[in-house]
>>> print(open('protein30.cif').read())   # mmCIF, C-alpha atoms
data_my_file
#
loop_
_atom_site.label_atom_id
_atom_site.label_comp_id
_atom_site.auth_asym_id
_atom_site.auth_seq_id
_atom_site.Cartn_x
_atom_site.Cartn_y
_atom_site.Cartn_z
CA MET A 1 -12.90 32.12 71.22
CA ASP A 2 -12.68 34.65 68.44
CA LYS A 3 -13.05 31.86 65.89
CA ILE A 4 -16.25 30.73 67.55
CA PHE A 5 -17.60 34.27 67.56
CA GLN A 6 -16.52 34.65 63.95
CA SER A 7 -18.49 31.57 62.95
CA LEU A 8 -21.61 33.21 64.38
CA HIS A 9 -20.87 36.46 62.60
CA GLU A 10 -20.79 34.60 59.31
CA LEU A 11 -24.54 34.18 59.69
CA GLU A 12 -26.37 36.89 57.80
CA GLY A 13 -27.92 39.34 60.23
CA VAL A 14 -25.64 38.71 63.20
CA ASN A 15 -24.22 42.04 64.37
CA GLY A 16 -22.81 41.16 67.74
CA THR A 17 -21.94 38.36 70.13
CA LEU A 18 -20.95 38.62 73.74
CA ILE A 19 -20.47 36.53 76.83
CA THR A 20 -21.77 37.95 80.06
CA ASP A 21 -21.19 36.71 83.57
CA GLY A 22 -23.68 36.55 86.42
CA GLY A 23 -22.75 40.05 87.54
CA GLY A 24 -23.61 41.57 84.18
CA ASN A 25 -19.98 42.06 83.17
CA VAL A 26 -19.05 41.55 79.54
CA MET A 27 -16.33 38.89 79.55
CA ALA A 28 -15.77 38.74 75.78
CA PHE A 29 -17.37 40.27 72.78
CA LYS A 30 -17.25 40.71 69.06
CA ALA A 31 -19.56 43.28 67.63
CA HIS A 32 -20.25 45.64 64.81
CA SER A 33 -18.63 48.91 65.75
CA MET A 34 -22.02 50.59 66.16
CA TYR A 35 -22.25 48.57 69.37
CA ASP A 36 -19.45 49.94 71.48
CA ALA A 37 -18.15 48.41 74.69
CA THR A 38 -20.03 50.82 76.92
CA MET A 39 -23.33 50.06 75.25
CA LEU A 40 -22.68 46.33 75.36
CA GLN A 41 -21.99 46.63 79.08
CA GLN A 42 -25.42 48.22 79.55
CA VAL A 43 -27.01 45.54 77.40
CA SER A 44 -25.24 42.89 79.43
CA ARG A 45 -26.69 44.24 82.66
CA ALA A 46 -30.18 44.33 81.22
CA VAL A 47 -29.80 40.78 79.91
CA VAL A 48 -28.57 39.50 83.26
CA ASN A 49 -31.48 41.20 85.02
CA ALA A 50 -33.84 39.38 82.69
CA LEU A 51 -32.07 36.06 83.19
CA ASP A 52 -31.95 36.43 86.98
CA SER A 53 -35.68 36.93 86.87
CA VAL A 54 -36.24 33.96 84.56
CA LYS A 55 -34.25 31.77 86.95
CA LEU A 56 -36.81 32.41 89.67
CA VAL A 57 -39.30 30.25 87.78
CA GLN A 58 -36.98 28.28 85.55
CA GLU A 59 -33.67 27.66 87.27
CA GLU A 60 -32.29 25.42 84.55
CA TRP A 61 -33.01 27.63 81.58
CA GLU A 62 -31.19 26.77 78.41
CA ALA A 63 -32.30 29.31 75.84
CA VAL A 64 -34.10 32.63 75.77
CA THR A 65 -34.98 34.14 72.42
CA ALA A 66 -36.42 37.63 72.32
CA HIS A 67 -38.11 38.75 69.10
CA PHE A 68 -38.28 42.43 68.24
CA THR A 69 -39.72 44.17 65.21
CA GLU A 70 -36.26 44.72 63.78
CA GLY A 71 -34.17 41.94 65.17
CA ARG A 72 -33.60 39.25 67.74
CA LEU A 73 -31.64 38.68 70.87
CA LEU A 74 -30.59 35.06 71.38
CA LEU A 75 -29.41 34.12 74.86
CA ARG A 76 -27.91 30.75 75.66
CA ASN A 77 -26.81 29.35 78.99
CA LEU A 78 -23.09 28.54 79.05
CA SER A 79 -22.94 27.52 82.69
CA ALA A 80 -22.00 23.98 83.58
CA ARG A 81 -24.38 22.42 86.07
CA GLY A 82 -23.04 22.65 89.56
CA LYS A 83 -19.67 24.11 88.67
CA GLY A 84 -18.11 27.17 87.13
CA PRO A 85 -19.47 30.70 87.01
CA GLN A 86 -22.80 31.83 85.60
CA LEU A 87 -22.17 32.68 81.97
CA ALA A 88 -24.45 33.37 79.06
CA LEU A 89 -23.90 33.84 75.36
CA CYS A 90 -25.79 36.72 73.79
CA VAL A 91 -26.20 36.95 70.02
CA ILE A 92 -27.51 40.22 68.59
CA ALA A 93 -29.10 39.95 65.19
CA ASP A 94 -31.18 42.04 62.85
CA ALA A 95 -34.23 40.96 60.89
CA ARG A 96 -32.19 39.24 58.20
CA LEU A 97 -31.33 36.38 60.54
CA ASN A 98 -32.48 32.98 59.33
CA PRO A 99 -33.86 31.32 62.48
CA SER A 100 -33.15 27.79 61.29
CA PHE A 101 -29.55 28.45 60.37
CA ALA A 102 -29.10 30.45 63.56
CA SER A 103 -30.47 27.64 65.67
CA VAL A 104 -27.88 25.22 64.33
CA ALA A 105 -24.98 27.66 64.38
CA VAL A 106 -25.71 28.81 67.93
CA ARG A 107 -25.99 25.23 69.20
CA VAL A 108 -22.62 24.43 67.65
CA ALA A 109 -21.10 27.59 69.09
CA VAL A 110 -22.50 26.88 72.56
CA GLY A 111 -21.01 23.37 72.50
CA LYS A 112 -17.61 24.71 71.51
CA LEU A 113 -17.72 27.55 74.02
CA LYS A 114 -18.66 25.23 76.86
CA ALA A 115 -15.80 22.88 75.97
CA LEU A 116 -13.36 25.76 75.65
CA LEU A 117 -14.39 27.37 78.92
CA GLU A 118 -14.25 24.09 80.79
CA SER A 119 -10.81 23.30 79.40
CA ASN A 120 -9.34 26.66 80.40
CA GLY A 121 -10.94 26.77 83.82
CA TYR A 122 -13.46 29.48 82.89
CA SER A 123 -10.75 32.08 82.59
CA PHE A 124 -10.87 34.88 80.10
CA ALA A 125 -8.01 36.90 78.72
CA ALA A 126 -6.22 39.30 81.02
CA PRO A 127 -7.74 42.75 81.32
CA SER A 128 -5.57 43.98 78.52
CA VAL A 129 -7.94 44.95 75.81
CA SER A 130 -7.78 43.54 72.35
CA ALA A 131 -10.50 45.69 70.93
CA LEU A 132 -9.45 46.00 67.36
CA SER A 133 -10.88 47.06 64.08
CA ASN A 134 -10.82 44.33 61.51
CA SER A 135 -9.67 44.95 58.00
CA SER A 136 -12.96 46.55 57.02
CA GLY A 137 -12.93 48.74 60.08
CA THR A 138 -16.44 47.75 61.07
CA GLN A 139 -16.05 45.43 64.02
CA SER A 140 -14.48 45.42 67.42
CA SER A 141 -13.77 42.56 69.72
CA GLY A 142 -12.19 41.84 73.02
CA GLN A 143 -12.04 39.73 76.11
CA ILE A 144 -12.43 42.14 78.90
CA PRO A 145 -13.74 42.05 82.40
CA LEU A 146 -15.08 45.53 81.90
CA ALA A 147 -15.58 46.11 85.57
CA HIS A 148 -11.81 46.27 85.91
CA SER A 149 -10.80 47.24 82.45
CA ALA A 150 -8.18 49.68 81.41
CA PRO A 151 -9.31 52.48 79.10
CA LEU A 152 -10.27 51.10 75.74
CA PRO A 153 -8.64 52.39 72.60
CA ALA A 154 -10.60 55.54 72.00
CA GLU A 155 -11.49 55.13 68.38
CA VAL A 156 -13.17 51.78 68.76
CA ALA A 157 -14.26 51.66 72.33
CA SER A 158 -15.79 55.01 72.89
CA SER A 159 -16.92 55.89 69.44
CA GLY A 160 -19.09 53.01 68.42
CA LEU A 161 -17.75 53.65 64.95
CA SER A 162 -14.41 53.08 63.37
CA TRP A 163 -13.96 56.09 61.20
CA SER A 164 -10.59 54.86 60.06
CA GLY A 165 -9.84 57.93 58.01
CA LEU A 166 -9.11 59.58 61.35
CA GLY A 167 -6.35 62.12 61.10
CA ASN A 168 -5.85 61.62 57.42
CA ALA A 169 -7.84 64.31 55.81
CA SER A 170 -6.36 63.90 52.42
CA SER A 171 -7.64 60.40 51.78
CA MET A 172 -10.87 58.53 52.09
CA SER A 173 -11.11 56.13 54.98
CA ALA A 174 -11.67 52.39 54.76
CA SER A 175 -15.27 53.07 55.64
CA GLY A 176 -15.51 55.42 52.69
CA VAL A 177 -15.85 58.51 54.90
CA ALA A 178 -13.04 60.97 55.45
CA VAL A 179 -12.93 63.03 58.62
CA ALA A 180 -10.85 66.06 59.44
CA ASP A 181 -9.76 65.13 62.94
CA ALA A 182 -10.59 63.15 66.07
CA ASP A 183 -13.30 65.59 67.17
CA SER A 184 -15.00 65.21 63.82
CA ALA A 185 -14.92 61.43 64.13
CA ALA A 186 -16.44 61.74 67.59
CA ALA A 187 -19.18 63.95 66.16
CA LEU A 188 -20.06 61.26 63.62
CA THR A 189 -20.14 58.74 66.41
CA HIS A 190 -22.62 60.83 68.39
CA CYS A 191 -24.76 61.28 65.30
CA THR A 192 -24.83 57.55 64.60
CA LYS A 193 -25.59 56.46 68.14
CA ALA A 194 -28.35 59.02 68.55
CA LEU A 195 -29.86 58.18 65.17
CA ALA A 196 -29.71 54.45 65.95
CA ARG A 197 -32.18 55.03 68.78
CA SER A 198 -34.78 55.93 66.18
CA VAL A 199 -33.87 53.90 63.12
CA GLY A 200 -31.83 51.01 64.48
CA PRO A 201 -28.55 49.59 63.21
CA ILE A 202 -28.99 51.08 59.77
CA ALA A 203 -28.02 54.44 61.30
CA LYS A 204 -24.41 53.98 60.36
CA ILE A 205 -25.32 53.51 56.72
CA PHE A 206 -27.45 56.65 56.80
CA VAL A 207 -24.60 58.64 58.33
CA LYS A 208 -22.06 57.44 55.81
CA ASP A 209 -24.42 58.12 52.95
CA ALA A 210 -25.26 61.60 54.22
CA VAL A 211 -21.63 62.57 54.73
CA ARG A 212 -20.71 61.44 51.24
CA ARG A 213 -23.69 63.19 49.71
CA VAL A 214 -23.61 66.48 51.61
CA PHE A 215 -19.86 66.90 51.82
CA PRO A 216 -18.60 65.12 48.71
CA ASP A 217 -15.44 67.08 48.11
CA ARG A 218 -13.89 67.53 51.54
CA PRO A 219 -13.37 65.60 54.79
CA PHE A 220 -16.20 65.92 57.28
CA SER A 221 -15.47 68.44 60.00
CA LYS A 222 -17.16 68.86 63.37
CA ASP A 223 -18.34 72.37 62.53
CA GLN A 224 -20.50 70.89 59.76
CA THR A 225 -22.47 68.81 62.25
CA LYS A 226 -25.59 71.00 62.20
CA ARG A 227 -25.91 70.60 58.45
CA LEU A 228 -25.41 66.85 58.75
CA LEU A 229 -28.00 66.61 61.52
CA ALA A 230 -30.60 68.37 59.40
CA GLU A 231 -30.00 65.78 56.70
CA LEU A 232 -30.10 62.83 59.06
CA ALA A 233 -33.23 64.05 60.80
CA LYS A 234 -35.11 63.38 57.55
CA HIS A 235 -34.86 59.67 58.34
CA ILE A 236 -36.94 60.14 61.50
CA ASP A 237 -40.67 60.26 60.81
CA ASN A 238 -41.81 61.82 64.07
CA PRO A 239 -40.93 65.57 64.09
CA ASN A 240 -40.55 65.59 67.87
CA ASP A 241 -38.15 62.67 67.74
CA ALA A 242 -36.25 64.33 64.93
CA ALA A 243 -35.88 67.53 66.93
CA GLN A 244 -34.87 65.55 70.01
CA PHE A 245 -32.26 63.71 67.96
CA GLN A 246 -30.65 66.98 66.90
CA ARG A 247 -30.74 68.38 70.42
CA THR A 248 -29.18 65.21 71.82
CA VAL A 249 -26.23 65.31 69.47
CA LEU A 250 -25.61 69.02 69.82
CA GLY A 251 -25.86 68.71 73.58
CA ALA A 252 -23.36 65.86 73.61
CA LEU A 253 -20.94 67.81 71.44
CA ALA A 254 -21.24 70.92 73.58
CA SER A 255 -20.52 69.11 76.83
CA MET B 1 -57.55 39.82 75.28
CA LYS B 2 -58.67 36.31 74.41
CA ASP B 3 -60.06 34.03 77.03
CA LEU B 4 -57.14 32.16 78.58
CA ASN B 5 -59.19 28.98 78.45
CA VAL B 6 -59.02 29.06 74.67
CA ILE B 7 -55.24 29.01 74.82
CA ALA B 8 -55.23 26.44 77.60
CA LYS B 9 -57.08 24.04 75.32
CA PHE B 10 -54.08 23.70 73.03
CA PRO B 11 -52.76 20.17 73.64
CA GLU B 12 -49.19 21.48 74.09
CA VAL B 13 -50.11 24.08 76.69
CA ILE B 14 -49.76 23.23 80.36
CA GLY B 15 -50.66 26.64 81.72
CA ALA B 16 -51.07 30.32 80.95
CA VAL B 17 -50.72 33.52 82.96
CA LEU B 18 -52.05 36.98 82.17
CA SER B 19 -50.69 39.96 84.04
CA ASP B 20 -50.43 43.68 83.57
CA LEU B 21 -47.16 45.43 82.73
CA SER B 22 -46.47 46.08 86.40
CA GLY B 23 -46.59 42.34 87.12
CA ALA B 24 -49.98 42.19 88.82
CA LEU B 25 -51.79 38.93 88.11
CA ILE B 26 -54.98 39.20 86.08
CA ASP B 27 -55.76 35.57 85.37
CA SER B 28 -54.09 32.19 85.20
CA VAL B 29 -54.99 28.68 84.16
CA GLY B 30 -53.24 25.32 84.41
CA SER B 31 -50.42 24.15 86.58
CA VAL B 32 -48.51 27.41 86.93
CA ASP B 33 -47.94 29.59 89.99
CA GLY B 34 -49.65 32.64 88.53
CA GLU B 35 -48.56 35.12 91.21
CA ALA B 36 -44.86 34.28 90.89
CA ALA B 37 -44.90 33.91 87.13
CA SER B 38 -46.69 37.19 86.44
CA ALA B 39 -44.07 39.24 88.28
CA VAL B 40 -41.25 37.36 86.59
CA HIS B 41 -42.77 37.77 83.14
CA SER B 42 -43.19 41.52 83.50
CA PHE B 43 -39.76 42.09 84.99
CA SER B 44 -38.03 39.93 82.36
CA LEU B 45 -39.93 41.59 79.59
CA ASN B 46 -39.00 45.02 80.90
CA SER B 47 -35.30 44.11 81.01
CA LEU B 48 -35.35 42.56 77.55
CA CYS B 49 -37.11 45.64 76.17
CA GLN B 50 -34.36 47.74 77.70
CA ALA B 51 -31.70 45.62 75.98
CA GLY B 52 -33.58 45.76 72.71
CA GLU B 53 -33.92 49.51 72.93
CA LEU B 54 -30.21 49.97 73.57
CA LEU B 55 -29.43 47.82 70.56
CA GLY B 56 -31.95 49.53 68.30
CA LEU B 57 -33.88 46.32 67.68
CA GLY B 58 -37.29 47.98 67.63
CA ASN B 59 -40.38 47.04 69.56
CA PHE B 60 -40.64 43.88 71.61
CA GLN B 61 -42.84 41.18 70.08
CA ARG B 62 -42.38 38.03 72.13
CA CYS B 63 -39.80 35.89 73.83
CA SER B 64 -39.43 32.20 74.37
CA ILE B 65 -37.73 30.59 77.34
CA VAL B 66 -36.69 26.98 77.03
CA GLY B 67 -35.39 24.60 79.67
CA PRO B 68 -35.38 20.86 80.28
CA GLY B 69 -38.48 20.99 82.46
CA LYS B 70 -40.66 23.53 80.72
CA ALA B 71 -40.86 26.04 77.94
CA CYS B 72 -42.64 29.36 77.94
CA VAL B 73 -43.66 32.01 75.44
CA ILE B 74 -44.18 35.54 76.73
CA THR B 75 -45.91 38.11 74.59
CA ILE B 76 -47.72 41.41 74.93
CA GLU B 77 -51.41 41.29 74.11
CA ASP B 78 -53.60 44.38 74.30
CA GLY B 79 -51.18 46.02 76.71
CA ASP B 80 -51.07 43.01 79.04
CA VAL B 81 -48.39 40.37 79.43
CA LEU B 82 -49.35 36.87 78.42
CA GLY B 83 -47.14 33.93 79.41
CA VAL B 84 -47.96 30.55 77.96
CA TYR B 85 -46.27 27.44 79.38
CA VAL B 86 -45.74 24.56 77.04
CA ASP B 87 -44.69 20.94 77.25
CA PRO B 88 -40.96 21.18 76.38
CA SER B 89 -41.10 17.93 74.43
CA LYS B 90 -43.36 19.64 71.87
CA PRO B 91 -41.92 21.91 69.17
CA LEU B 92 -42.11 25.43 70.53
CA SER B 93 -42.14 27.15 67.14
CA ALA B 94 -45.39 25.39 66.24
CA VAL B 95 -46.97 26.57 69.46
CA GLU B 96 -45.72 30.12 68.86
CA LYS B 97 -47.34 30.09 65.42
CA LYS B 98 -50.58 28.70 66.78
CA LEU B 99 -50.60 31.26 69.57
CA GLN B 100 -49.92 34.09 67.15
CA ASP B 101 -52.77 32.97 64.89
CA THR B 102 -55.15 32.72 67.82
CA LEU B 103 -54.30 36.13 69.21
CA GLN B 104 -54.65 37.79 65.83
CA LYS B 105 -58.16 36.40 65.25
#
>>> encode(input="protein30.cif", output="structure tokens")
Amino acid sequence: MDKIFQSLHELEGVNGTLITDGGGNVMAFKAHSMYDATMLQQVSRAVVNALDSVKLVQEEWEAVTAHFTEGRLLLRNLSARGKGPQLALCVIADARLNPSFASVAVRVAVGKLKALLESNGYSFAAPSVSALSNSSGTQSSGQIPLAHSAPLPAEVASSGLSWSGLGNASSMSASGVAVADADSAAALTHCTKALARSVGPIAKIFVKDAVRRVFPDRPFSKDQTKRLLAELAKHIDNPNDAAQFQRTVLGALAS
Amino acid sequence: MKDLNVIAKFPEVIGAVLSDLSGALIDSVGSVDGEAASAVHSFSLNSLCQAGELLGLGNFQRCSIVGPGKACVITIEDGDVLGVYVDPSKPLSAVEKKLQDTLQK
């Protein structure tokens, strides 16, 4: 399944792929680390709500494509007619996605996924999590019935970012950002997730850039968060949103 | 909002439904159950917007729903929800373009 997901991720603009069941549980996923498992679970529920609604007027839906100003959400029905569970493939892409290429690649992927799922009796991997960073430290993946899942590896699953310099203050991380400790990595995660609400997936780039620029000669530490927030807030046009962004992160770090 | 009859005159269109964001029917034309469709359009749109917001994809523009029996484009026009049902044998992207051009006029 990972190979099929990987083929989709080779399309420019694709940042995440997941399979959701009829109950809104994420059964498998591969996603940029800015999209952590918890967020994908919420997305999955929202997607299933939309699909349940669509089925009221169009029971045999095949494809739903939602266009947003900064990206697309491609949903494809993976369910076999009359048998097997309700499953849907969800592809998350930004504005760089080429719709023609995506159309072909997704059709191929859906065909392969349907064949694979049918051949293995619609079973997914055991609840052991295989959420891993890849060599560049920017993606996580897994096959996890999240409703019953064991705790995910903290760095990938709960952070939404793989700051792989974690715990190694003396060297730069694979992501190019060094952090002092686990709390500092968590602080960067909060910053990125909160900023993404205003600026989208590019938030991670902004955070990395700001850390390198503002703290060029030492690993980022949690107690420097206020300074970092002031820098990041410059990317948010609306002053109220910028202030809210800073409050959100500081509140999350204080709790 | 444009007159639904203008959109209904497209040869590919089999029906159109206009509703408000809460799902209340405003107008419908063609062979579509307007009452049922308007609620579904608004609810689906709301859920998709939620997913898009979580993922940082920006503002919702439109969505297309394709099945063997029918295809539909849902968009927001002047704060209302417009659902346009299309013959699935016709290329949906062409209809989306035509619809976009019409609504922007």
>>> residues_around(input="protein30.cif", residues="Thr75 of chain B", least_positions_apart="6", cutoff="8 Å", atoms="all atoms listed in the file", output="PyMOL selection string")
chain B and resi 61-63+81-83
>>> closest_residue(input="protein30.cif", among="B:Gly30, B:Pro11, B:Gly23, B:Gly56", to="Asp87 of chain B", atoms="all atoms listed in the file")
B:Pro11
>>> residues_near_point(input="protein30.cif", point="(-18.8, 27.4, 69.6)", cutoff="9 Å", atoms="all atoms listed in the file", output="PyMOL selection string")
chain A and resi 1+3-5+7-8+105-116
>>> interface_residues(input="protein30.cif", of="chain A", to="chain B", cutoff="6 Å", atoms="all atoms listed in the file", output="PDB file with C-alpha atoms, keeping the file's coordinate frame")
ATOM      1  CA  VAL A  43     -27.010  45.540  77.400  1.00  0.00           C
ATOM      2  CA  ALA A  46     -30.180  44.330  81.220  1.00  0.00           C
ATOM      3  CA  ALA A  50     -33.840  39.380  82.690  1.00  0.00           C
ATOM      4  CA  SER A  53     -35.680  36.930  86.870  1.00  0.00           C
ATOM      5  CA  GLU A  60     -32.290  25.420  84.550  1.00  0.00           C
ATOM      6  CA  TRP A  61     -33.010  27.630  81.580  1.00  0.00           C
ATOM      7  CA  GLU A  62     -31.190  26.770  78.410  1.00  0.00           C
ATOM      8  CA  ALA A  63     -32.300  29.310  75.840  1.00  0.00           C
ATOM      9  CA  VAL A  64     -34.100  32.630  75.770  1.00  0.00           C
ATOM     10  CA  THR A  65     -34.980  34.140  72.420  1.00  0.00           C
ATOM     11  CA  ALA A  66     -36.420  37.630  72.320  1.00  0.00           C
ATOM     12  CA  HIS A  67     -38.110  38.750  69.100  1.00  0.00           C
ATOM     13  CA  PHE A  68     -38.280  42.430  68.240  1.00  0.00           C
ATOM     14  CA  THR A  69     -39.720  44.170  65.210  1.00  0.00           C
ATOM     15  CA  GLU A  70     -36.260  44.720  63.780  1.00  0.00           C
ATOM     16  CA  GLY A  71     -34.170  41.940  65.170  1.00  0.00           C
ATOM     17  CA  ALA A 196     -29.710  54.450  65.950  1.00  0.00           C
ATOM     18  CA  ARG A 197     -32.180  55.030  68.780  1.00  0.00           C
ATOM     19  CA  GLY A 200     -31.830  51.010  64.480  1.00  0.00           C
TER      20      GLY A 200
END
>>> atom_distance(input="protein30.cif", atom1="atom CA of Leu99 of chain B", atom2="atom CA of Asp80 of chain B")
15.1 Å
>>> residues_near_point(input="protein30.cif", point="(-54.0, 23.6, 82.5)", cutoff="12 Å", atoms="only C-alpha atoms", output="ChimeraX atom specification")
/B:4-17,28-34,84-87
>>> resolve_selection(input="protein30.cif", expression="the PyMOL selection byres ((chain A and resi 187) around 10)", output="list in words")
Ser159, Val179, Ala182, Asp183, Ser184, Ala185, Ala186, Leu188, Thr189, His190, Cys191, Thr192, Phe220, Ser221, Lys222, Asp223, Gln224, Thr225, Val249, Leu250, Ala252 and Leu253 of chain A
>>> atom_distance(input="protein30.cif", atom1="atom CA of Gln86 of chain A", atom2="atom CA of Leu21 of chain B")
28.0 Å
>>> atom_distance(input="protein30.cif", atom1="atom CA of Val177 of chain A", atom2="atom CA of Asn15 of chain A")
20.8 Å
>>> build_atoms(input="protein30.cif", residues="segment 57-77 of chain B", atoms="N, CA and C atoms", output="compact mmCIF listing (two decimals), keeping the file's coordinate frame")
# COMPACT_ATOMS: atom_id res chain seq x y z
N LEU B 57 -33.21 47.47 68.31
CA LEU B 57 -33.88 46.32 67.68
C LEU B 57 -35.38 46.54 67.47
N GLY B 58 -35.86 47.70 67.83
CA GLY B 58 -37.29 47.98 67.63
C GLY B 58 -38.15 47.52 68.79
N ASN B 59 -39.43 47.38 68.49
CA ASN B 59 -40.38 47.04 69.56
C ASN B 59 -40.36 45.55 69.89
N PHE B 60 -40.59 45.27 71.15
CA PHE B 60 -40.64 43.88 71.61
C PHE B 60 -41.88 43.20 71.02
N GLN B 61 -41.70 41.97 70.58
CA GLN B 61 -42.84 41.18 70.08
C GLN B 61 -43.16 40.02 71.01
N ARG B 62 -42.16 39.17 71.23
CA ARG B 62 -42.38 38.03 72.13
C ARG B 62 -41.02 37.47 72.51
N CYS B 63 -41.02 36.62 73.53
CA CYS B 63 -39.80 35.89 73.83
C CYS B 63 -40.15 34.47 74.24
N SER B 64 -39.24 33.59 73.97
CA SER B 64 -39.43 32.20 74.37
C SER B 64 -38.33 31.83 75.34
N ILE B 65 -38.69 31.05 76.34
CA ILE B 65 -37.73 30.59 77.34
C ILE B 65 -37.82 29.07 77.36
N VAL B 66 -36.68 28.43 77.13
CA VAL B 66 -36.69 26.98 77.03
C VAL B 66 -35.75 26.37 78.06
N GLY B 67 -36.21 25.34 78.72
CA GLY B 67 -35.39 24.60 79.67
C GLY B 67 -35.77 23.13 79.61
N PRO B 68 -35.07 22.29 80.34
CA PRO B 68 -35.38 20.86 80.28
C PRO B 68 -36.76 20.52 80.85
N GLY B 69 -37.22 21.31 81.79
CA GLY B 69 -38.48 20.99 82.46
C GLY B 69 -39.70 21.65 81.86
N LYS B 70 -39.52 22.83 81.32
CA LYS B 70 -40.66 23.53 80.72
C LYS B 70 -40.19 24.58 79.72
N ALA B 71 -41.13 24.98 78.91
CA ALA B 71 -40.86 26.04 77.94
C ALA B 71 -41.99 27.06 78.05
N CYS B 72 -41.66 28.30 77.74
CA CYS B 72 -42.64 29.36 77.94
C CYS B 72 -42.52 30.40 76.82
N VAL B 73 -43.64 30.90 76.40
CA VAL B 73 -43.66 32.01 75.44
C VAL B 73 -44.31 33.20 76.14
N ILE B 74 -43.63 34.33 76.11
CA ILE B 74 -44.18 35.54 76.73
C ILE B 74 -44.42 36.56 75.62
N THR B 75 -45.60 37.12 75.61
CA THR B 75 -45.91 38.11 74.59
C THR B 75 -46.76 39.22 75.19
N ILE B 76 -46.86 40.32 74.47
CA ILE B 76 -47.72 41.41 74.93
C ILE B 76 -49.00 41.38 74.10
N GLU B 77 -50.12 41.37 74.79
CA GLU B 77 -51.41 41.29 74.11
C GLU B 77 -52.33 42.35 74.69
